Every structure is written in C-alpha cells, then in structure tokens.
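Engineer: This one is work_35.cif, mmCIF, C-alpha atoms.
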```cif
data_run
#
loop_
_atom_site.label_atom_id
_atom_site.label_comp_id
_atom_site.auth_asym_id
_atom_site.auth_seq_id
_atom_site.Cartn_x
_atom_site.Cartn_y
_atom_site.Cartn_z
CA MET A 1 -9.28 15.17 37.93
CA THR A 2 -11.81 18.02 37.96
CA ALA A 3 -15.41 16.90 38.42
CA TYR A 4 -18.38 18.80 37.02
CA PHE A 5 -22.11 18.40 37.47
CA VAL A 6 -24.83 18.76 34.85
CA SER A 7 -28.51 19.22 35.54
CA LEU A 8 -30.77 16.98 33.49
CA LYS A 9 -33.68 19.34 34.14
CA LYS A 10 -31.92 22.33 32.60
CA THR A 11 -32.14 22.04 28.79
CA PRO A 12 -31.68 24.75 26.15
CA GLN A 13 -34.72 26.29 24.51
CA ILE A 14 -35.61 25.55 20.91
CA ASN A 15 -33.55 27.81 18.66
CA SER A 16 -36.13 29.47 16.42
CA ASP A 17 -33.44 31.55 14.72
CA LEU A 18 -31.71 28.48 13.23
CA VAL A 19 -31.38 29.08 9.47
CA ILE A 20 -28.35 27.07 8.30
CA ALA A 21 -28.04 23.65 9.93
CA ALA A 22 -25.66 20.69 9.69
CA LEU A 23 -27.00 17.20 10.37
CA ASP A 24 -25.08 14.00 11.06
CA ASP A 25 -25.36 10.71 12.91
CA PHE A 26 -23.15 9.34 15.68
CA ALA A 27 -22.84 5.94 17.32
CA LEU A 28 -24.28 5.33 20.75
CA LYS A 29 -23.24 1.71 20.40
CA LYS A 30 -21.37 1.01 17.19
CA ARG A 31 -23.29 -1.12 14.67
CA HIS A 32 -26.28 -1.25 17.05
CA ARG A 33 -27.67 2.14 18.14
CA TYR A 34 -27.20 5.58 16.61
CA GLY A 35 -28.29 9.11 17.39
CA THR A 36 -28.54 12.33 15.34
CA ILE A 37 -26.94 15.68 16.08
CA LEU A 38 -28.09 19.08 14.77
CA ILE A 39 -25.61 21.98 14.59
CA ASN A 40 -25.95 25.66 13.83
CA ALA A 41 -23.56 26.13 10.91
CA GLU A 42 -23.37 29.90 11.53
CA THR A 43 -22.61 29.93 15.27
CA HIS A 44 -20.87 26.53 15.35
CA LYS A 45 -22.96 25.44 18.32
CA VAL A 46 -24.84 22.20 18.95
CA VAL A 47 -28.58 22.87 18.78
CA ASP A 48 -30.02 19.50 19.77
CA MET A 49 -29.59 15.70 19.72
CA ILE A 50 -31.99 12.78 19.52
CA GLU A 51 -31.55 9.10 20.29
CA SER A 52 -32.43 7.89 16.81
CA ARG A 53 -31.65 8.23 13.13
CA GLU A 54 -34.84 6.61 11.88
CA LYS A 55 -36.74 8.61 9.26
CA ASP A 56 -39.99 9.13 11.21
CA ASP A 57 -38.17 10.24 14.36
CA VAL A 58 -35.98 12.69 12.41
CA ILE A 59 -39.03 14.15 10.58
CA LYS A 60 -40.87 14.78 13.84
CA TRP A 61 -37.75 16.37 15.33
CA LEU A 62 -36.91 18.64 12.38
CA LYS A 63 -40.43 20.05 12.29
CA LYS A 64 -39.57 21.86 15.51
CA TYR A 65 -37.19 24.06 13.48
CA PRO A 66 -39.39 25.56 10.74
CA ASN A 67 -37.02 28.47 10.03
CA ILE A 68 -34.23 26.28 8.63
CA LYS A 69 -33.50 27.32 5.04
CA ILE A 70 -30.33 25.33 4.31
CA PHE A 71 -29.27 21.84 5.39
CA THR A 72 -25.80 20.30 4.96
CA ARG A 73 -25.53 16.52 5.22
CA ASP A 74 -23.67 13.45 4.01
CA GLY A 75 -25.05 11.03 1.43
CA SER A 76 -27.62 9.42 3.73
CA SER A 77 -30.85 8.72 1.83
CA THR A 78 -32.73 8.53 5.16
CA TYR A 79 -31.74 12.07 6.12
CA ALA A 80 -32.46 13.31 2.58
CA ALA A 81 -36.00 11.89 2.70
CA ALA A 82 -36.61 13.18 6.24
CA MET A 83 -35.49 16.71 5.32
CA THR A 84 -37.64 16.73 2.20
CA GLU A 85 -40.76 15.68 4.11
CA ALA A 86 -40.20 17.84 7.21
CA LEU A 87 -39.03 21.03 5.45
CA PRO A 88 -39.68 20.68 1.71
CA ASP A 89 -38.62 24.27 0.93
CA ALA A 90 -35.20 23.97 2.59
CA LEU A 91 -32.11 23.67 0.37
CA GLN A 92 -30.12 20.48 0.88
CA VAL A 93 -26.36 20.63 0.29
CA MET A 94 -24.45 17.38 0.16
CA ASP A 95 -20.96 17.47 1.64
CA ARG A 96 -18.25 17.68 -1.02
CA PHE A 97 -15.93 15.43 0.94
CA HIS A 98 -18.45 12.59 0.89
CA ILE A 99 -19.13 13.04 -2.82
CA LEU A 100 -15.41 12.77 -3.64
CA MET A 101 -15.04 9.89 -1.22
CA HIS A 102 -17.76 7.93 -3.07
CA LEU A 103 -15.98 8.57 -6.38
CA THR A 104 -12.53 7.52 -5.13
CA ASP A 105 -14.05 4.45 -3.45
CA SER A 106 -15.54 3.48 -6.81
CA CYS A 107 -12.13 3.77 -8.45
CA LYS A 108 -10.55 1.82 -5.60
CA LYS A 109 -13.00 -1.03 -6.26
CA PHE A 110 -12.11 -0.90 -9.95
CA ILE A 111 -8.37 -1.05 -9.18
CA ASN A 112 -8.79 -3.97 -6.78
CA ARG A 113 -10.90 -5.80 -9.36
CA SER A 114 -8.76 -5.15 -12.41
CA ILE A 115 -5.13 -4.90 -11.29
CA LYS A 116 -2.91 -7.44 -9.55
CA ALA A 117 -1.42 -6.71 -6.14
CA SER A 118 1.92 -6.04 -7.83
CA GLU A 119 2.61 -5.34 -11.50
CA PRO A 120 6.11 -6.09 -12.90
CA ILE A 121 7.80 -3.27 -14.79
CA GLU A 122 10.27 -4.07 -17.55
CA ASP A 123 12.92 -1.67 -18.84
CA ASP A 124 14.50 -1.36 -22.25
CA GLY A 125 18.12 -2.28 -22.94
CA ALA A 126 19.39 1.30 -22.70
CA ALA A 127 17.94 1.68 -19.21
CA ILE A 128 19.43 -1.64 -18.18
CA GLU A 129 22.91 -0.69 -19.36
CA ALA A 130 22.74 2.55 -17.36
CA ILE A 131 22.18 0.73 -14.07
CA PRO A 132 25.32 0.19 -11.95
CA ARG A 133 26.21 -3.48 -11.50
CA PHE A 134 27.78 -4.95 -8.37
CA GLU A 135 29.62 -8.20 -7.76
CA THR A 136 28.03 -8.64 -4.33
CA LYS A 137 25.16 -7.24 -2.28
CA TYR A 138 27.79 -5.82 0.06
CA ASP A 139 29.11 -3.64 -2.77
CA LYS A 140 25.61 -2.34 -3.49
CA ILE A 141 25.04 -1.50 0.19
CA MET A 142 28.32 0.39 0.45
CA TYR A 143 27.59 2.26 -2.81
CA ALA A 144 24.18 3.33 -1.47
CA LYS A 145 25.86 4.55 1.73
CA LYS A 146 28.36 6.52 -0.35
CA LEU A 147 25.62 8.23 -2.37
CA HIS A 148 23.77 9.13 0.84
CA GLN A 149 26.94 10.62 2.33
CA GLN A 150 27.23 12.75 -0.81
CA GLY A 151 23.88 14.30 0.11
CA LYS A 152 21.64 12.44 -2.31
CA SER A 153 18.06 11.79 -1.17
CA PHE A 154 16.57 8.32 -0.77
CA ALA A 155 14.41 8.96 -3.83
CA LYS A 156 17.41 9.80 -6.05
CA ILE A 157 19.36 6.78 -4.81
CA SER A 158 16.31 4.64 -5.53
CA ASP A 159 16.15 5.98 -9.10
CA GLU A 160 19.87 5.41 -9.68
CA LEU A 161 20.00 1.87 -8.31
CA TYR A 162 16.48 0.82 -9.39
CA ILE A 163 15.50 -0.41 -5.93
CA ASP A 164 12.62 0.50 -3.63
CA ILE A 165 12.98 3.48 -1.31
CA SER A 166 12.39 1.19 1.68
CA THR A 167 15.37 -0.92 0.55
CA VAL A 168 17.51 2.20 0.19
CA ARG A 169 16.63 3.23 3.75
CA HIS A 170 17.60 -0.24 4.98
CA TYR A 171 20.93 -0.12 3.11
CA VAL A 172 21.80 3.35 4.45
CA ARG A 173 20.92 2.52 8.06
CA ILE A 174 22.58 -0.90 8.21
CA SER A 175 25.96 -0.92 10.01
CA GLU A 176 29.13 -1.93 8.19
CA GLN A 177 29.47 -4.89 10.55
CA GLU A 178 26.03 -6.15 9.51
CA ALA A 179 26.83 -5.51 5.86
CA GLU A 180 29.87 -7.79 6.10
CA LYS A 181 27.64 -10.86 6.06
CA TYR A 182 26.66 -9.98 2.48
CA ARG A 183 30.22 -10.34 1.21
CA ARG A 184 30.51 -13.25 -1.18
CA LYS A 185 33.04 -15.86 -0.15
CA THR A 186 35.92 -16.59 -2.53
CA ASP A 187 36.47 -20.03 -3.99
CA GLU A 188 39.49 -20.42 -1.74
CA GLN A 189 37.33 -19.70 1.32
CA HIS A 190 34.73 -22.21 0.17
CA SER A 191 37.45 -24.78 -0.41
CA GLU A 192 38.99 -24.23 3.00
CA GLU A 193 35.65 -24.43 4.81
CA SER A 194 34.69 -27.60 2.98
CA ALA A 195 38.03 -29.24 3.73
CA ASN A 196 37.82 -28.29 7.42
CA ALA A 197 34.27 -29.67 7.71
CA LYS A 198 35.27 -32.98 6.14
CA GLU A 199 38.38 -33.20 8.31
CA LYS A 200 36.28 -32.66 11.44
CA MET A 201 33.79 -35.33 10.30
CA PHE A 202 36.69 -37.77 9.59
CA TYR A 203 38.09 -37.54 13.13
CA GLU A 204 34.63 -37.73 14.76
CA ILE A 205 33.81 -40.92 12.81
CA HIS A 206 37.12 -42.58 13.77
CA THR A 207 36.77 -41.53 17.43
CA LEU A 208 33.28 -43.03 17.69
CA HIS A 209 34.37 -46.21 15.90
CA GLN A 210 37.26 -46.70 18.36
CA ARG A 211 34.71 -46.50 21.20
CA GLY A 212 32.85 -49.43 19.68
CA VAL A 213 29.95 -47.52 18.14
CA THR A 214 28.44 -49.27 15.10
CA GLN A 215 28.46 -47.67 11.65
CA ALA A 216 24.67 -47.32 11.67
CA ALA A 217 24.80 -45.49 15.02
CA ILE A 218 27.67 -43.28 13.82
CA SER A 219 25.67 -42.24 10.73
CA ARG A 220 22.77 -41.20 12.97
CA ILE A 221 25.01 -39.28 15.40
CA ILE A 222 27.00 -37.49 12.70
CA GLY A 223 24.02 -36.95 10.39
CA THR A 224 25.41 -38.61 7.29
CA THR A 225 24.92 -41.85 5.39
CA GLU A 226 26.40 -45.25 6.30
CA VAL A 227 28.16 -45.27 2.93
CA THR A 228 30.06 -42.11 3.87
CA VAL A 229 30.90 -43.54 7.31
CA SER A 230 32.23 -46.73 5.69
CA LYS A 231 34.26 -44.71 3.16
CA TYR A 232 35.85 -42.53 5.87
CA LEU A 233 36.72 -45.56 8.05
CA LYS A 234 38.68 -47.04 5.14
CA ARG A 235 40.83 -43.91 4.91
CA ASN A 236 43.91 -43.29 7.05
CA GLU A 237 43.80 -39.50 6.63
CA PRO A 238 41.05 -36.92 6.01
CA PRO A 239 40.15 -36.09 2.38
CA ARG A 240 41.60 -32.92 0.88
CA HIS A 241 40.88 -30.75 -2.20
CA ALA A 242 37.14 -31.08 -1.60
CA TYR A 243 36.18 -27.86 -3.42
CA ASN A 244 38.07 -27.21 -6.61
CA SER A 245 36.31 -25.62 -9.60
CA GLN A 246 39.35 -24.00 -11.18
CA ARG A 247 39.31 -26.28 -14.22
CA LYS A 248 35.62 -25.64 -14.78
CA LYS A 249 36.23 -21.90 -14.60
CA GLU A 250 39.00 -22.15 -17.14
CA LYS A 251 36.63 -23.99 -19.49
CA ILE A 252 33.81 -21.44 -19.22
CA ALA A 253 35.95 -18.28 -19.14
CA PRO A 254 36.27 -17.89 -22.96
CA PHE A 255 32.46 -18.03 -23.27
CA LEU A 256 31.46 -15.46 -20.60
CA ALA A 257 31.51 -12.56 -23.05
CA ARG A 258 29.32 -14.58 -25.41
CA ILE A 259 26.89 -15.34 -22.54
CA ASN A 260 26.59 -11.59 -21.83
CA GLU A 261 26.04 -10.81 -25.50
CA LEU A 262 23.27 -13.40 -25.86
CA GLY A 263 21.73 -12.40 -22.54
CA ILE A 264 21.40 -8.74 -23.51
CA GLN A 265 19.59 -9.91 -26.66
CA GLY A 266 16.96 -11.42 -24.36
CA LEU A 267 17.59 -15.10 -25.15
CA LYS A 268 16.48 -17.70 -22.61
CA SER A 269 18.93 -19.94 -20.75
CA GLY A 270 18.05 -23.02 -22.81
CA GLU A 271 18.71 -21.15 -26.07
CA ILE A 272 22.04 -19.83 -24.76
CA VAL A 273 23.10 -23.36 -23.73
CA LYS A 274 22.38 -24.74 -27.23
CA ILE A 275 24.36 -21.94 -28.90
CA LEU A 276 27.38 -22.40 -26.60
CA LYS A 277 27.34 -26.16 -27.12
CA ALA A 278 27.26 -25.61 -30.88
CA GLU A 279 30.20 -23.20 -30.57
CA GLY A 280 32.35 -25.79 -28.79
CA CYS A 281 31.75 -25.29 -25.05
CA THR A 282 32.47 -28.62 -23.30
CA CYS A 283 31.06 -27.69 -19.87
CA SER A 284 28.01 -29.52 -18.59
CA GLU A 285 24.59 -27.99 -19.22
CA ASN A 286 24.04 -27.44 -15.48
CA TYR A 287 27.34 -25.57 -15.09
CA ILE A 288 26.57 -23.40 -18.13
CA ARG A 289 23.17 -22.54 -16.69
CA LYS A 290 24.77 -21.68 -13.33
CA ASN A 291 27.08 -19.20 -15.05
CA ILE A 292 24.21 -17.76 -17.09
CA THR A 293 22.34 -17.09 -13.83
CA GLU A 294 25.40 -15.42 -12.27
CA GLN A 295 26.01 -13.24 -15.30
CA ARG A 296 22.33 -12.32 -15.48
CA LYS A 297 22.47 -11.09 -11.88
CA LEU A 298 25.63 -9.11 -12.50
CA ARG A 299 25.22 -7.66 -15.96
CA PHE A 300 22.33 -8.24 -18.30
CA ALA A 301 19.33 -8.98 -16.06
CA PRO A 302 16.52 -6.42 -16.19
CA PRO A 303 16.06 -5.01 -12.71
CA LYS A 304 13.15 -6.66 -10.95
CA ARG A 305 10.81 -3.79 -10.18
CA THR A 306 7.13 -3.79 -9.44
CA VAL A 307 4.39 -1.24 -9.06
CA HIS A 308 2.21 -2.11 -6.08
CA ARG A 309 -1.54 -1.72 -6.33
CA LYS A 310 -1.60 0.29 -3.10
CA ALA A 311 0.54 2.97 -4.80
CA LEU A 312 -2.04 3.28 -7.57
CA ILE A 313 -4.73 3.63 -4.91
CA SER A 314 -2.68 6.29 -3.11
CA LEU A 315 -2.73 8.29 -6.33
CA LEU A 316 -6.48 8.73 -5.84
CA TYR A 317 -5.80 10.88 -2.78
CA HIS A 318 -2.39 12.43 -3.48
CA SER A 319 -0.56 13.99 -6.40
CA LEU A 320 2.10 11.90 -8.15
CA ASP A 321 4.99 13.77 -6.53
CA LYS A 322 3.59 12.82 -3.09
CA VAL A 323 3.44 9.08 -3.88
CA LYS A 324 7.08 8.12 -3.36
CA GLU A 325 6.59 4.49 -4.39
CA LEU A 326 5.40 5.49 -7.88
CA LYS A 327 7.44 7.05 -10.68
CA GLU A 328 6.01 8.88 -13.66
CA ASP A 329 7.47 6.43 -16.20
CA ASP A 330 6.15 3.45 -14.26
CA LEU A 331 2.67 4.98 -14.08
CA ALA A 332 2.73 5.57 -17.83
CA LYS A 333 3.55 1.89 -18.42
CA ILE A 334 0.76 0.72 -16.11
CA ILE A 335 -1.77 2.99 -17.82
CA GLU A 336 -0.58 1.70 -21.21
CA ARG A 337 -1.26 -1.80 -19.88
CA TYR A 338 -4.62 -0.80 -18.36
CA PRO A 339 -6.09 2.07 -20.42
CA LEU A 340 -9.31 2.16 -18.35
CA LEU A 341 -7.26 3.08 -15.29
CA GLY A 342 -5.97 6.17 -17.05
CA GLU A 343 -9.52 7.07 -18.03
CA PHE A 344 -10.71 6.68 -14.44
CA TYR A 345 -7.92 8.95 -13.17
CA GLU A 346 -8.96 11.55 -15.75
CA TYR A 347 -12.62 11.31 -14.70
CA ILE A 348 -11.62 11.91 -11.08
CA ARG A 349 -9.41 14.87 -12.00
CA SER A 350 -12.11 16.53 -14.10
CA PHE A 351 -14.81 15.85 -11.48
CA LYS A 352 -12.71 17.52 -8.77
CA GLU A 353 -12.34 20.56 -11.00
CA ILE A 354 -16.11 20.73 -11.48
CA MET A 355 -16.76 20.41 -7.73
CA PHE A 356 -14.81 23.59 -7.02
CA SER A 357 -15.59 25.47 -10.22
CA LYS A 358 -19.06 26.80 -9.21
CA GLU A 359 -20.15 25.86 -12.75
CA VAL A 360 -23.10 23.55 -12.11
CA GLU A 361 -23.92 23.05 -15.78
CA LEU A 362 -20.67 21.09 -16.30
CA LEU A 363 -21.89 18.24 -14.10
CA ASP A 364 -24.52 16.93 -16.55
CA ALA A 365 -22.01 16.73 -19.41
CA TRP A 366 -19.52 14.94 -17.13
CA MET A 367 -22.10 12.34 -16.12
CA ASP A 368 -23.13 11.68 -19.72
CA THR A 369 -19.49 11.10 -20.68
CA ALA A 370 -18.79 8.91 -17.63
CA GLU A 371 -21.79 6.69 -18.37
CA GLY A 372 -20.33 5.94 -21.78
CA SER A 373 -17.02 4.73 -20.30
CA GLY A 374 -18.20 1.15 -19.83
CA ILE A 375 -16.73 1.03 -16.31
CA SER A 376 -19.33 -0.52 -14.02
CA GLU A 377 -17.99 1.14 -10.85
CA LEU A 378 -18.09 4.56 -12.47
CA ASN A 379 -21.64 3.97 -13.73
CA SER A 380 -22.67 3.01 -10.20
CA PHE A 381 -21.29 6.31 -8.89
CA VAL A 382 -23.11 8.30 -11.57
CA ASN A 383 -26.38 6.56 -10.68
CA GLY A 384 -25.86 7.58 -7.07
CA VAL A 385 -25.26 11.20 -8.09
CA ARG A 386 -28.43 11.23 -10.20
CA GLN A 387 -30.47 9.99 -7.24
CA ASP A 388 -29.27 12.97 -5.18
CA LEU A 389 -28.68 15.38 -8.05
CA ASP A 390 -30.08 18.59 -6.53
CA ALA A 391 -27.98 18.24 -3.36
CA THR A 392 -24.88 17.46 -5.44
CA LYS A 393 -25.38 20.52 -7.64
CA ALA A 394 -25.92 22.62 -4.51
CA ALA A 395 -22.54 21.39 -3.24
CA ILE A 396 -20.96 22.81 -6.41
CA GLU A 397 -22.84 26.10 -6.29
CA TYR A 398 -22.71 26.91 -2.56
CA PRO A 399 -19.77 27.07 -0.12
CA TYR A 400 -21.48 25.17 2.71
CA SER A 401 -19.91 22.02 4.11
CA ASN A 402 -20.81 19.33 6.62
CA GLY A 403 -17.29 19.26 8.02
CA ILE A 404 -18.37 21.05 11.21
CA SER A 405 -20.68 18.16 12.14
CA GLU A 406 -17.85 15.64 11.71
CA GLY A 407 -15.84 17.61 14.26
CA PHE A 408 -18.67 17.69 16.75
CA VAL A 409 -19.27 13.94 16.35
CA ASN A 410 -15.67 13.39 17.43
CA LYS A 411 -16.26 15.61 20.45
CA VAL A 412 -19.36 13.59 21.35
CA LYS A 413 -17.17 10.48 21.30
CA VAL A 414 -14.76 12.19 23.70
CA ALA A 415 -17.64 13.01 26.04
CA LYS A 416 -18.75 9.36 25.97
CA ARG A 417 -15.23 8.20 26.84
CA ARG A 418 -15.04 10.63 29.74
CA MET A 419 -18.10 8.90 31.16
CA PHE A 420 -16.63 5.47 30.29
CA GLY A 421 -19.50 4.78 27.85
CA ARG A 422 -21.89 4.09 30.75
CA CYS A 423 -23.90 7.29 30.56
CA SER A 424 -27.55 7.43 29.55
CA PHE A 425 -28.49 9.34 26.42
CA GLU A 426 -30.20 12.01 28.55
CA LEU A 427 -26.98 12.63 30.47
CA LEU A 428 -24.89 12.68 27.28
CA ARG A 429 -27.30 15.15 25.68
CA ALA A 430 -27.20 17.37 28.76
CA VAL A 431 -23.40 17.36 28.77
CA VAL A 432 -23.22 18.25 25.08
CA LEU A 433 -25.87 20.98 25.13
CA ASN A 434 -24.85 22.62 28.41
CA ARG A 435 -21.08 22.31 28.17
CA GLN A 436 -20.86 22.66 24.35
CA LEU A 437 -17.79 20.39 24.61
CA SER A 438 -15.46 23.37 24.84
#
```
Show this structure as structure tokens.
Structural biologist:
Amino acid sequence: MTAYFVSLKKTPQINSDLVIAALDDFALKKRHRYGTILINAETHKVVDMIESREKDDVIKWLKKYPNIKIFTRDGSSTYAAAMTEALPDALQVMDRFHILMHLTDSCKKFINRSIKASEPIEDDGAAIEAIPRFETKYDKIMYAKKLHQQGKSFAKISDELYIDISTVRHYVRISEQEAEKYRRKTDEQHSEESANAKEKMFYEIHTLHQRGVTQAAISRIIGTTEVTVSKYLKRNEPPRHAYNSQRKKEKIAPFLARINELGIQGLKSGEIVKILKAEGCTCSENYIRKNITEQRKLRFAPPKRTVHRKALISLLYHSLDKVKELKEDDLAKIIERYPLLGEFYEYIRSFKEIMFSKEVELLDAWMDTAEGSGISELNSFVNGVRQDLDATKAAIEYPYSNGISEGFVNKVKVAKRRMFGRCSFELLRAVVLNRQLS
C-alpha cells in the first residue's frame, strides 16, 4: 500500500475568482455530525470545507466568497436561508434531481396509502379461453421449456401462459428430473400405494402383537388408533382395494361438460351443485365440489394474476416497457380502479416536461392545476415548491446542476474510509483540498 503525507499547515488560499459554486453537506458521523463542502462548478475542484452545516456557521463561511454569482444546492432550507443572508444578490438554483425526487416520493406515499400490496387482475371470458390449459404442472413446465427452446423470450412466454416472469424463469431452468415430481399420480398408482401402505401396517401390527405388545402400545408405535389395531388383528390377511373411485367417476362423467359450461358462466360452486342435483346427479355434494375445483383449475378458472404495488412504484422511475412485471392492459385496469393514480402519473409526466422545457411560465399553471387535484401528497409537494419558487424556476431556466457535489461527497466518504474513519476534520480537509481526491 502506498503511503502519502499531508501537511496540515499547508492550506489553499481563498479563491476570489469563484463565481459558480455547488454546495452540499456530508456526514462526519451519520445522524450525528455533518460538514459542508463548497465546489467550483466551473473547474470541478473542491474550494473549501467546514465542520458544520448550521446556518450561522455557513453564513460566516460564505461571506469569504463575495464574488459568487450562482449557487446550486439541494432542497435544504438551511442552506437557502444562509445563501440569501450571506450573498443576497447571488442566484440560487435548486437541483433538478432533488425536485423530481420530492415529486416521485410524494406519489410513492400516495401509492402506499391508497393501493394494496397486490391487486388482483381479472380477465374476460375470451382471454380465459385463449390461455392454454394443462392437466398437470409438469405439462406446463415442459410447455414453457418448449417455447423457450423455440427462441421465445421470458416476457412472451409469460404473456402466453399468464404467469409471472420469475415463474417462467424457474420453469425454464428447472431440470427434467426435478420436474418429474410435479407429475400427477394416476388412480391406479394411488390405489397401489394405499394398498401397499395398509399391507405394511397389517404385518407390523401382527408382528408386534405376537411379541406380546398391547394394543394400546401398538397404536402408539404405529401411529394409528386402537380401533384400527383391533380391526387389523381380527383379519387373517391384509385389506385390499383400498382406493377405488371408478364408480364415482362413472357417476360424475356425464356431468363434467355441464360443470364446465356453468363454470364459464361464472357460477359459484354451491350454485353448480344445486343445478346438478336438480338435473339428476346422484354423487355426494363433497364429490361434486371436488370435481368442480379440478375442472376450474383445468379449464374455466380465470388465471390468478396480480399487479404488485412495487411495480406501480417502479413506473415512477422507469417507462412502462422497462417495468417487466407490469403490462399495459393491467396498468389500464388498475388506473380504472384508482383514477387518482392515473392523474398522479400524468402530473409527474407533465412536470418532467416542464423541468426540461426552459419555459418557466408553465410552472405556475401546473401548480394551480395540481392544487385542485384533491391529492394531499401532491398538494404538499406544491407547497414545498412555492416555498422555494425562485430556485425551482431557476432550475428550469438554467442548465446548472448540483450533481457534481454529490460526486465529491462520495469521494469524501472514500477518503474517510482510507483513514478508517479515525481522522480529525482538519486532516480530512487537508487531504481533500491538497489531494483533490484524484
């Protein structure tokens, strides 16, 4: 590691030629002590630093630079007041990034207040019919893999199958061996497994009984009831035909088409059961409901899709085509459900246009319109703009930005880390001013 030495006695002279300056704070100890950094916006060099961001200290400091004509800053009211008192003739330009950040934060508060974490999206019958149906989850996984092999993107597969992109990624990346566990067992397999389990239990019960174990102890060891133990001890051979629903299936089969028809009409399970009973179905209500559930999953159930609130928040910072979790049709349905959300998005879009239009006179009309929206968060933002109106209008009219100071604040943090956060402010200031953090 290369060591370097900095003289605390050697400090730069006051820059009397400083005309355009950027001002920002930085943490000496986060949430406890802060300093202020002053940067020449023309030469991109640090001019000076002080160990405070209090108004009186900043005023006294800024008076050393009487030639400053233009300040760029964030939305700090302390810095605004200090600049006004120290150099009343200097133009203050608020940073555009911070203005837009305050607006999007207001909308974010509105979204968190007004919209649930996830909003269900329902589709019409035509959309439902167009969705491929699969007998098992395994079939859906293999179909997704097939579409991906054909060169289709995750987004297109998501649209076709009406599932989240994250689910599509999981389906495509899962191995065929892992996918096998999603195959649905046949009735014959269920029957065989059930018979084998009961046969194993039968022989275990008889073996324990021959060893002199009581029925109560056997029930605890096996994990079944004493009634079952007693029943199995009375038998000379294990029970067979434990799982046989063929007769039930034969009873319900003529009514499956009717179940699908009623399901597509949107009838509830209880209503479908009453209609089938009236039409002569002799199956039990529970068995009818079970088949309704199976048919709903396979054929007439609307796909369960949701729009997450975080996707709506992402739309504040990105265009719709960049928010992969949100589709245009889904957004339209959410806005139809929450009209004020659509209005807020429009206010943000129009405000961004004004910020980069150089047309200052448009801002007053925008604020008057926004105040009539009835959205408390938007009104709060407008009040904040009015309190710092001149600096906001200057941000529209002039090209200056406070972005350079944000970069230097990060470099100050790097310098602190190099000295393991144990340096004094005098040493940190000397490092910054003499080395310029290059």
Engineer: Using atom CA of Gln150 of chain A and atom CA of Leu320 of chain A as the two end points, give the distance in Å to one decimal.
Structural biologist: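 Pair atom CA of Gln150 of chain A / atom CA of Leu320 of chain A returns 26.2 Å.
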Engineer: When the PyMOL selection byres ((chain A and resi 391-403) around 10) is applied to the structure above, which residues does it catch, written out as an NGL selection string?
Structural biologist: :A and (20-24 or 39 or 41 or 70-75 or 80 or 91-99 or 354-364 or 385-390 or 404-408)
Engineer: Quick one: everything within 10 Å of Ile37 of chain A, counting only C-alpha atoms, minus sequence neighbours fewer than 6 positions away in the same chain. Send it as an MDAnalysis selection string.
Structural biologist: chainID A and resid 22:26 46:53 405 408:409 412 429
Engineer: Distance atom CA of Ala117 of chain A-atom CA of Leu326 of chain A, one decimal place?
Structural biologist: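 If I compute the distance from atom CA of Ala117 of chain A to atom CA of Leu326 of chain A, I get 14.1 Å.
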Engineer: Can you work out which one of A:Val307, A:Ala415, A:Leu378, A:Leu38 has the shortest atom-to-atom distance to Phe110 of chain A, counting only C-alpha atoms?
Structural biologist: A:Leu378
